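**Student:** For reference, this is entry27.pdb, and it has PDB, C-alpha atoms, pLDDT in the B column.
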ATOM      1  CA  MET I   1     -61.046  47.549  54.161  1.00 67.00           C
ATOM      2  CA  GLN I   2     -60.978  43.872  54.949  1.00 75.00           C
ATOM      3  CA  GLN I   3     -57.717  44.345  56.868  1.00 77.00           C
ATOM      4  CA  GLY I   4     -56.870  45.873  60.203  1.00 76.00           C
ATOM      5  CA  THR I   5     -56.225  49.602  60.186  1.00 76.00           C
ATOM      6  CA  GLY I   6     -52.635  48.964  61.354  1.00 82.00           C
ATOM      7  CA  VAL I   7     -51.791  47.913  57.826  1.00 88.00           C
ATOM      8  CA  LEU I   8     -52.122  51.539  56.717  1.00 91.00           C
ATOM      9  CA  VAL I   9     -49.296  52.562  59.053  1.00 93.00           C
ATOM     10  CA  LEU I  10     -47.128  49.858  57.502  1.00 94.00           C
ATOM     11  CA  TRP I  11     -47.997  50.789  53.925  1.00 96.00           C
ATOM     12  CA  GLU I  12     -47.585  54.532  54.600  1.00 95.00           C
ATOM     13  CA  HIS I  13     -44.038  53.889  55.791  1.00 96.00           C
ATOM     14  CA  VAL I  14     -43.173  51.565  52.903  1.00 97.00           C
ATOM     15  CA  LEU I  15     -44.694  53.707  50.160  1.00 97.00           C
ATOM     16  CA  LEU I  16     -43.191  56.931  51.510  1.00 96.00           C
ATOM     17  CA  ASN I  17     -39.732  55.361  51.532  1.00 96.00           C
ATOM     18  CA  THR I  18     -39.827  53.264  48.370  1.00 96.00           C
ATOM     19  CA  LYS I  19     -39.434  54.209  44.738  1.00 96.00           C
ATOM     20  CA  PHE I  20     -41.938  52.232  42.663  1.00 98.00           C
ATOM     21  CA  SER I  21     -43.324  52.251  39.139  1.00 98.00           C
ATOM     22  CA  ARG I  22     -46.354  50.078  39.807  1.00 98.00           C
ATOM     23  CA  ILE I  23     -48.408  48.368  42.468  1.00 98.00           C
ATOM     24  CA  ILE I  24     -50.036  45.076  41.556  1.00 98.00           C
ATOM     25  CA  GLU I  25     -52.731  43.909  43.965  1.00 97.00           C
ATOM     26  CA  LEU I  26     -54.026  40.353  43.811  1.00 97.00           C
ATOM     27  CA  GLY I  27     -57.420  40.169  45.487  1.00 94.00           C
ATOM     28  CA  THR I  28     -59.446  43.363  45.206  1.00 93.00           C
ATOM     29  CA  GLY I  29     -62.194  42.203  47.543  1.00 90.00           C
ATOM     30  CA  TRP I  30     -64.378  45.125  48.605  1.00 87.00           C
ATOM     31  CA  GLY I  31     -61.772  47.555  47.227  1.00 89.00           C
ATOM     32  CA  GLY I  32     -60.790  49.452  50.372  1.00 90.00           C
ATOM     33  CA  LEU I  33     -57.059  48.822  50.095  1.00 93.00           C
ATOM     34  CA  SER I  34     -57.361  49.156  46.308  1.00 94.00           C
ATOM     35  CA  LEU I  35     -58.558  52.742  46.711  1.00 94.00           C
ATOM     36  CA  TYR I  36     -55.602  53.452  48.981  1.00 95.00           C
ATOM     37  CA  PHE I  37     -53.091  51.947  46.521  1.00 97.00           C
ATOM     38  CA  ALA I  38     -54.708  53.746  43.573  1.00 96.00           C
ATOM     39  CA  LEU I  39     -54.424  57.105  45.338  1.00 95.00           C
ATOM     40  CA  TRP I  40     -50.758  56.467  46.102  1.00 97.00           C
ATOM     41  CA  CYS I  41     -50.076  55.564  42.482  1.00 97.00           C
ATOM     42  CA  GLU I  42     -51.866  58.685  41.260  1.00 94.00           C
ATOM     43  CA  GLU I  43     -49.760  60.778  43.629  1.00 95.00           C
ATOM     44  CA  ARG I  44     -46.505  59.154  42.485  1.00 96.00           C
ATOM     45  CA  GLY I  45     -47.269  58.890  38.767  1.00 97.00           C
ATOM     46  CA  ALA I  46     -47.101  55.103  39.050  1.00 98.00           C
ATOM     47  CA  LYS I  47     -49.401  52.475  37.566  1.00 98.00           C
ATOM     48  CA  PHE I  48     -51.908  50.507  39.621  1.00 98.00           C
ATOM     49  CA  HIS I  49     -53.491  47.184  38.722  1.00 98.00           C
ATOM     50  CA  THR I  50     -55.836  45.138  40.873  1.00 97.00           C
ATOM     51  CA  PHE I  51     -57.038  41.638  40.022  1.00 96.00           C
ATOM     52  CA  ASP I  52     -59.852  39.457  41.303  1.00 95.00           C
ATOM     53  CA  ILE I  53     -62.121  36.733  39.952  1.00 93.00           C
ATOM     54  CA  ALA I  54     -65.220  38.920  40.339  1.00 89.00           C
ATOM     55  CA  LYS I  55     -66.157  42.527  41.044  1.00 89.00           C
ATOM     56  CA  LYS I  56     -67.254  42.805  44.681  1.00 88.00           C
ATOM     57  CA  TRP I  57     -66.452  46.455  45.253  1.00 86.00           C
ATOM     58  CA  LYS I  58     -69.047  49.188  44.856  1.00 86.00           C
ATOM     59  CA  ASP I  59     -68.893  52.328  42.764  1.00 86.00           C
ATOM     60  CA  THR I  60     -68.653  54.658  45.742  1.00 88.00           C
ATOM     61  CA  PRO I  61     -68.090  58.373  45.155  1.00 90.00           C
ATOM     62  CA  LEU I  62     -64.349  57.901  45.803  1.00 88.00           C
ATOM     63  CA  ALA I  63     -64.148  54.860  43.523  1.00 88.00           C
ATOM     64  CA  LYS I  64     -65.860  56.875  40.785  1.00 90.00           C
ATOM     65  CA  MET I  65     -63.675  59.931  41.378  1.00 88.00           C
ATOM     66  CA  ILE I  66     -60.437  57.974  40.903  1.00 88.00           C
ATOM     67  CA  CYS I  67     -61.936  55.655  38.253  1.00 90.00           C
ATOM     68  CA  LEU I  68     -61.219  52.453  40.189  1.00 91.00           C
ATOM     69  CA  ALA I  69     -62.894  50.487  37.395  1.00 92.00           C
ATOM     70  CA  SER I  70     -60.043  51.439  35.054  1.00 93.00           C
ATOM     71  CA  TYR I  71     -57.524  49.706  37.358  1.00 95.00           C
ATOM     72  CA  PHE I  72     -59.604  46.580  37.956  1.00 95.00           C
ATOM     73  CA  HIS I  73     -59.127  43.355  35.979  1.00 95.00           C
ATOM     74  CA  VAL I  74     -61.213  40.194  36.268  1.00 94.00           C
ATOM     75  CA  LEU I  75     -58.673  37.378  36.218  1.00 94.00           C
ATOM     76  CA  ASP I  76     -58.033  34.073  37.953  1.00 93.00           C
ATOM     77  CA  VAL I  77     -54.384  34.760  38.714  1.00 92.00           C
ATOM     78  CA  LEU I  78     -53.616  31.186  39.785  1.00 91.00           C
ATOM     79  CA  HIS I  79     -54.711  29.704  36.489  1.00 93.00           C
ATOM     80  CA  ASN I  80     -53.510  32.576  34.324  1.00 94.00           C
ATOM     81  CA  PRO I  81     -50.579  34.376  35.983  1.00 94.00           C
ATOM     82  CA  GLN I  82     -49.035  35.524  32.685  1.00 96.00           C
ATOM     83  CA  PRO I  83     -50.591  39.055  32.668  1.00 97.00           C
ATOM     84  CA  ILE I  84     -49.193  39.685  36.159  1.00 97.00           C
ATOM     85  CA  LYS I  85     -45.784  38.328  35.210  1.00 97.00           C
ATOM     86  CA  GLU I  86     -45.740  40.653  32.194  1.00 97.00           C
ATOM     87  CA  LEU I  87     -46.405  43.632  34.474  1.00 98.00           C
ATOM     88  CA  ILE I  88     -43.693  42.647  36.962  1.00 98.00           C
ATOM     89  CA  VAL I  89     -40.927  42.376  34.358  1.00 97.00           C
ATOM     90  CA  ARG I  90     -41.569  45.850  32.948  1.00 98.00           C
ATOM     91  CA  PRO I  91     -38.859  48.419  33.669  1.00 98.00           C
ATOM     92  CA  GLY I  92     -38.979  50.032  37.075  1.00 98.00           C
ATOM     93  CA  PRO I  93     -39.637  48.694  40.561  1.00 98.00           C
ATOM     94  CA  SER I  94     -42.810  46.692  41.199  1.00 98.00           C
ATOM     95  CA  ILE I  95     -44.729  46.134  44.417  1.00 98.00           C
ATOM     96  CA  VAL I  96     -46.853  42.979  44.355  1.00 98.00           C
ATOM     97  CA  PHE I  97     -49.385  42.321  47.108  1.00 98.00           C
ATOM     98  CA  CYS I  98     -50.816  38.800  47.386  1.00 97.00           C
ATOM     99  CA  ASP I  99     -54.212  38.862  49.081  1.00 94.00           C
ATOM    100  CA  ASN I 100     -56.213  36.558  46.863  1.00 92.00           C
ATOM    101  CA  GLY I 101     -57.504  33.036  47.393  1.00 86.00           C
ATOM    102  CA  ASP I 102     -54.188  31.141  47.616  1.00 93.00           C
ATOM    103  CA  LYS I 103     -51.477  33.480  48.871  1.00 95.00           C
ATOM    104  CA  ARG I 104     -48.930  30.688  49.184  1.00 96.00           C
ATOM    105  CA  GLU I 105     -49.253  29.711  45.538  1.00 96.00           C
ATOM    106  CA  GLU I 106     -49.376  33.328  44.355  1.00 96.00           C
ATOM    107  CA  PHE I 107     -46.127  33.997  46.224  1.00 97.00           C
ATOM    108  CA  ARG I 108     -44.492  30.838  44.871  1.00 96.00           C
ATOM    109  CA  GLN I 109     -45.468  31.660  41.267  1.00 96.00           C
ATOM    110  CA  LEU I 110     -44.596  35.354  41.282  1.00 97.00           C
ATOM    111  CA  ALA I 111     -41.556  35.698  43.562  1.00 97.00           C
ATOM    112  CA  PRO I 112     -39.231  34.083  40.977  1.00 97.00           C
ATOM    113  CA  ILE I 113     -40.226  36.773  38.445  1.00 97.00           C
ATOM    114  CA  LEU I 114     -39.229  39.722  40.659  1.00 98.00           C
ATOM    115  CA  LYS I 115     -36.425  42.025  39.621  1.00 98.00           C
ATOM    116  CA  PRO I 116     -33.807  43.238  42.122  1.00 97.00           C
ATOM    117  CA  GLY I 117     -35.437  45.927  44.273  1.00 97.00           C
ATOM    118  CA  ASP I 118     -38.997  44.653  43.721  1.00 98.00           C
ATOM    119  CA  ILE I 119     -41.203  44.011  46.753  1.00 98.00           C
ATOM    120  CA  ILE I 120     -43.725  41.241  47.286  1.00 98.00           C
ATOM    121  CA  GLY I 121     -46.115  41.212  50.211  1.00 97.00           C
ATOM    122  CA  VAL I 122     -48.610  38.720  51.565  1.00 96.00           C
ATOM    123  CA  HIS I 123     -51.618  39.174  53.788  1.00 94.00           C
ATOM    124  CA  ASP I 124     -52.908  36.698  56.389  1.00 93.00           C
ATOM    125  CA  TRP I 125     -49.381  35.864  57.568  1.00 94.00           C
ATOM    126  CA  GLY I 126     -49.561  33.207  60.231  1.00 93.00           C
ATOM    127  CA  ARG I 127     -53.082  32.286  59.182  1.00 93.00           C
ATOM    128  CA  GLU I 128     -53.009  31.206  55.539  1.00 94.00           C
ATOM    129  CA  ILE I 129     -49.302  31.496  54.827  1.00 96.00           C
ATOM    130  CA  GLY I 130     -46.200  31.312  56.980  1.00 95.00           C
ATOM    131  CA  ARG I 131     -42.421  31.027  56.993  1.00 95.00           C
ATOM    132  CA  ARG I 132     -42.397  27.317  56.147  1.00 96.00           C
ATOM    133  CA  ASP I 133     -44.385  28.113  52.966  1.00 96.00           C
ATOM    134  CA  VAL I 134     -41.880  30.647  51.636  1.00 96.00           C
ATOM    135  CA  THR I 135     -38.406  29.835  53.019  1.00 97.00           C
ATOM    136  CA  ASP I 136     -37.229  27.851  49.998  1.00 97.00           C
ATOM    137  CA  VAL I 137     -38.439  30.555  47.604  1.00 97.00           C
ATOM    138  CA  MET I 138     -36.765  33.255  49.710  1.00 97.00           C
ATOM    139  CA  VAL I 139     -33.430  31.428  49.588  1.00 97.00           C
ATOM    140  CA  ASP I 140     -33.620  30.463  45.906  1.00 96.00           C
ATOM    141  CA  HIS I 141     -34.629  33.950  44.739  1.00 97.00           C
ATOM    142  CA  LEU I 142     -32.699  36.205  47.141  1.00 96.00           C
ATOM    143  CA  LEU I 143     -35.674  37.623  49.044  1.00 97.00           C
ATOM    144  CA  ASP I 144     -35.208  39.384  52.368  1.00 97.00           C
ATOM    145  CA  VAL I 145     -37.946  40.133  54.899  1.00 97.00           C
ATOM    146  CA  ILE I 146     -38.344  43.902  55.254  1.00 96.00           C
ATOM    147  CA  GLU I 147     -40.062  46.062  57.877  1.00 94.00           C
ATOM    148  CA  LEU I 148     -40.533  43.078  60.194  1.00 93.00           C
ATOM    149  CA  ASP I 149     -40.706  45.199  63.364  1.00 93.00           C
ATOM    150  CA  LEU I 150     -43.324  47.476  61.836  1.00 92.00           C
ATOM    151  CA  CYS I 151     -45.331  44.462  60.631  1.00 90.00           C
ATOM    152  CA  ARG I 152     -45.347  43.122  64.175  1.00 89.00           C
ATOM    153  CA  ILE I 153     -46.058  46.460  65.877  1.00 89.00           C
ATOM    154  CA  THR I 154     -49.024  47.206  63.610  1.00 87.00           C
ATOM    155  CA  ASP I 155     -50.363  43.644  63.972  1.00 77.00           C
ATOM    156  CA  SER I 156     -51.195  43.812  60.287  1.00 81.00           C
ATOM    157  CA  HIS I 157     -50.848  40.104  59.430  1.00 91.00           C
ATOM    158  CA  THR I 158     -48.821  41.293  56.457  1.00 94.00           C
ATOM    159  CA  ARG I 159     -45.248  40.360  55.624  1.00 96.00           C
ATOM    160  CA  LEU I 160     -43.104  42.090  53.039  1.00 97.00           C
ATOM    161  CA  PHE I 161     -40.114  40.748  51.130  1.00 98.00           C
ATOM    162  CA  LYS I 162     -37.663  42.547  48.874  1.00 98.00           C
ATOM    163  CA  LYS I 163     -35.595  41.024  46.094  1.00 98.00           C
ATOM    164  CA  ARG I 164     -31.967  41.637  46.971  1.00 95.00           C
ATOM    165  CA  GLU I 165     -29.942  43.999  44.839  1.00 85.00           C
ATOM    166  CA  ILE I 166     -27.077  42.099  43.285  1.00 77.00           C
ATOM    167  CA  SER I 167     -23.748  43.849  43.693  1.00 70.00           C
ATOM    168  CA  CYS I 168     -20.848  43.114  41.464  1.00 65.00           C
ATOM    169  CA  GLU I 169     -17.464  43.333  43.128  1.00 65.00           C
ATOM    170  CA  CYS I 170     -15.076  43.324  40.234  1.00 58.00           C
TER     171      CYS I 170
END
Here is a file; write its structure as structure tokens.

**Tutor:**
Amino acid sequence: MQQGTGVLVLWEHVLLNTKFSRIIELGTGWGGLSLYFALWCEERGAKFHTFDIAKKWKDTPLAKMICLASYFHVLDVLHNPQPIKELIVRPGPSIVFCDNGDKREEFRQLAPILKPGDIIGVHDWGREIGRRDVTDVMVDHLLDVIELDLCRITDSHTRLFKKREISCEC
């Protein structure tokens, strides 16, 4: 994995306690976190999609066993975000993880598409993306930071946001 191992503690907690229909990963890289997400989706009967501009990951025994190639899509998500948007709007909760080349722009393009209850996460928080990059989007699209303490404790450089459920008080 190209991330610190603390991120697994964070994701274990989130995925154990969240109902989801799909995980959409932007930035497959070497595929370590992709394997983890794919296994979770298999366990939960959810769909997994991972996108990158090129295949860097190797067909390891585990990647072959879970058919990682079937989840992988070559796509420049910044110049063609439509396939990701189409996945997000499908029925059921989505988890979107931005870990591609321009996390700020990925967040800004995809956060407005989220449905209530959907989660969007970003990697390299405080390095490539920070609060000033997302505050306006958070306010405009009713996104709340979730699991902040766990993000800090695990030193994962990941931040997670959830689209607020809209309650109707009639």

**Student:** Pull the closest atom pair for each residue of stretch 89-135 of chain I that gets at most 12 Å from stretch 142-154 of chain I, along with the distance in Å to one decimal, counting only C-alpha atoms, ordering rows by chain and then ascending residue number, as a Markdown table.

**Tutor:**
| residue | atom | partner | partner_atom | distance |
| --- | --- | --- | --- | --- |
| I:Phe107 | CA | I:Leu143 | CA | 11.4 |
| I:Arg108 | CA | I:Leu143 | CA | 11.9 |
| I:Ala111 | CA | I:Leu143 | CA | 8.3 |
| I:Pro112 | CA | I:Leu142 | CA | 9.2 |
| I:Ile113 | CA | I:Leu142 | CA | 11.5 |
| I:Leu114 | CA | I:Leu143 | CA | 9.3 |
| I:Lys115 | CA | I:Leu142 | CA | 10.2 |
| I:Pro116 | CA | I:Leu142 | CA | 8.7 |
| I:Gly117 | CA | I:Leu143 | CA | 9.6 |
| I:Asp118 | CA | I:Leu143 | CA | 9.4 |
| I:Ile119 | CA | I:Leu143 | CA | 8.8 |
| I:Ile120 | CA | I:Leu143 | CA | 9.0 |
| I:Gly121 | CA | I:Val145 | CA | 9.5 |
| I:Val122 | CA | I:Cys151 | CA | 11.2 |
| I:His123 | CA | I:Cys151 | CA | 10.7 |
| I:Asp124 | CA | I:Cys151 | CA | 11.6 |
| I:Trp125 | CA | I:Cys151 | CA | 10.0 |
| I:Gly126 | CA | I:Arg152 | CA | 11.5 |
| I:Arg131 | CA | I:Val145 | CA | 10.4 |
| I:Val134 | CA | I:Leu143 | CA | 9.7 |
| I:Thr135 | CA | I:Leu143 | CA | 9.2 |

**Student:** May I have the residues within 12 Å of I:Gly31 as a list in words, using all atoms listed in the file and disregarding those fewer than 6 positions away in the same chain?

**Tutor:**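 So the residues in contact are Met1, Gln2, Gln3, Glu25, Phe37, Ala38, His49, Thr50, Phe51, Asp52, Ala54, Lys55, Lys56, Trp57, Lys58, Asp59, Thr60, Leu62, Ala63, Leu68, Ala69, Tyr71, Phe72 and Asp99 of chain I.
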
**Student:** Around stretch 103-111 of chain I, fit a box with edges along x, y and z, padding it by 3 Å on each side, then list its centre and edge lengths in Å to one decimal as AutoDock Vina command-line options.

**Tutor:**
--center_x -46.5 --center_y 32.7 --center_z 45.2 --size_x 15.9 --size_y 12.0 --size_z 13.9

**Student:** Apply the PyMOL selection byres ((chain I and resi 76) around 12) to the structure shown and report the selected residues as a ChimeraX atom specification.

**Tutor:** /I:26-28,50-54,73-75,77-84,100-102,106

**Student:** Residues near I:Gly6, anyone? I mean within 7 Å using all atoms listed in the file, not counting same-chain ones fewer than 3 positions away, as a ChimeraX atom specification.

**Tutor:** /I:9-10,154-156

**Student:** Which distance in Å separates atom CA of I:Glu105 and atom CA of I:Cys67, to one decimal?

**Tutor:**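 Separation between atom CA of I:Glu105 and atom CA of I:Cys67: 29.8 Å.
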
**Student:** So the first atom is atom CA of I:Lys163 and the second is atom CA of I:Cys41; what is the distance between them in Å, to one decimal place?

**Tutor:**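 Those two atoms sit 20.8 Å apart.
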
**Student:** Enter the distance from atom CA of I:Phe161 to atom CA of I:His13, in Å, rounded to one decimal.

**Tutor:**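 Computing the Euclidean distance for atom CA of I:Phe161 and atom CA of I:His13 yields 14.5 Å.
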
**Student:** Could you check the closest approach to I:Gly92 for each of I:Arg22, I:Gly29, I:Leu160, I:Ser70 and tell me which residue wins, using only C-alpha atoms?

**Tutor:**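 Of the candidates, the smallest distance to I:Gly92 is held by I:Arg22.
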
**Student:** Which one of I:Arg104, I:His141, I:Lys19, I:Lys47 sits closest to I:Leu87 if you count only C-alpha atoms?

**Tutor:**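 Using only C-alpha atoms, I:Leu87 sits closest to I:Lys47.
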
**Student:** Can you list, as a PyMOL selection string, the residues that the PyMOL selection byres ((chain I and resi 43) around 12) selects here?

**Tutor:** chain I and resi 15-16+20-22+36-42+44-48+66
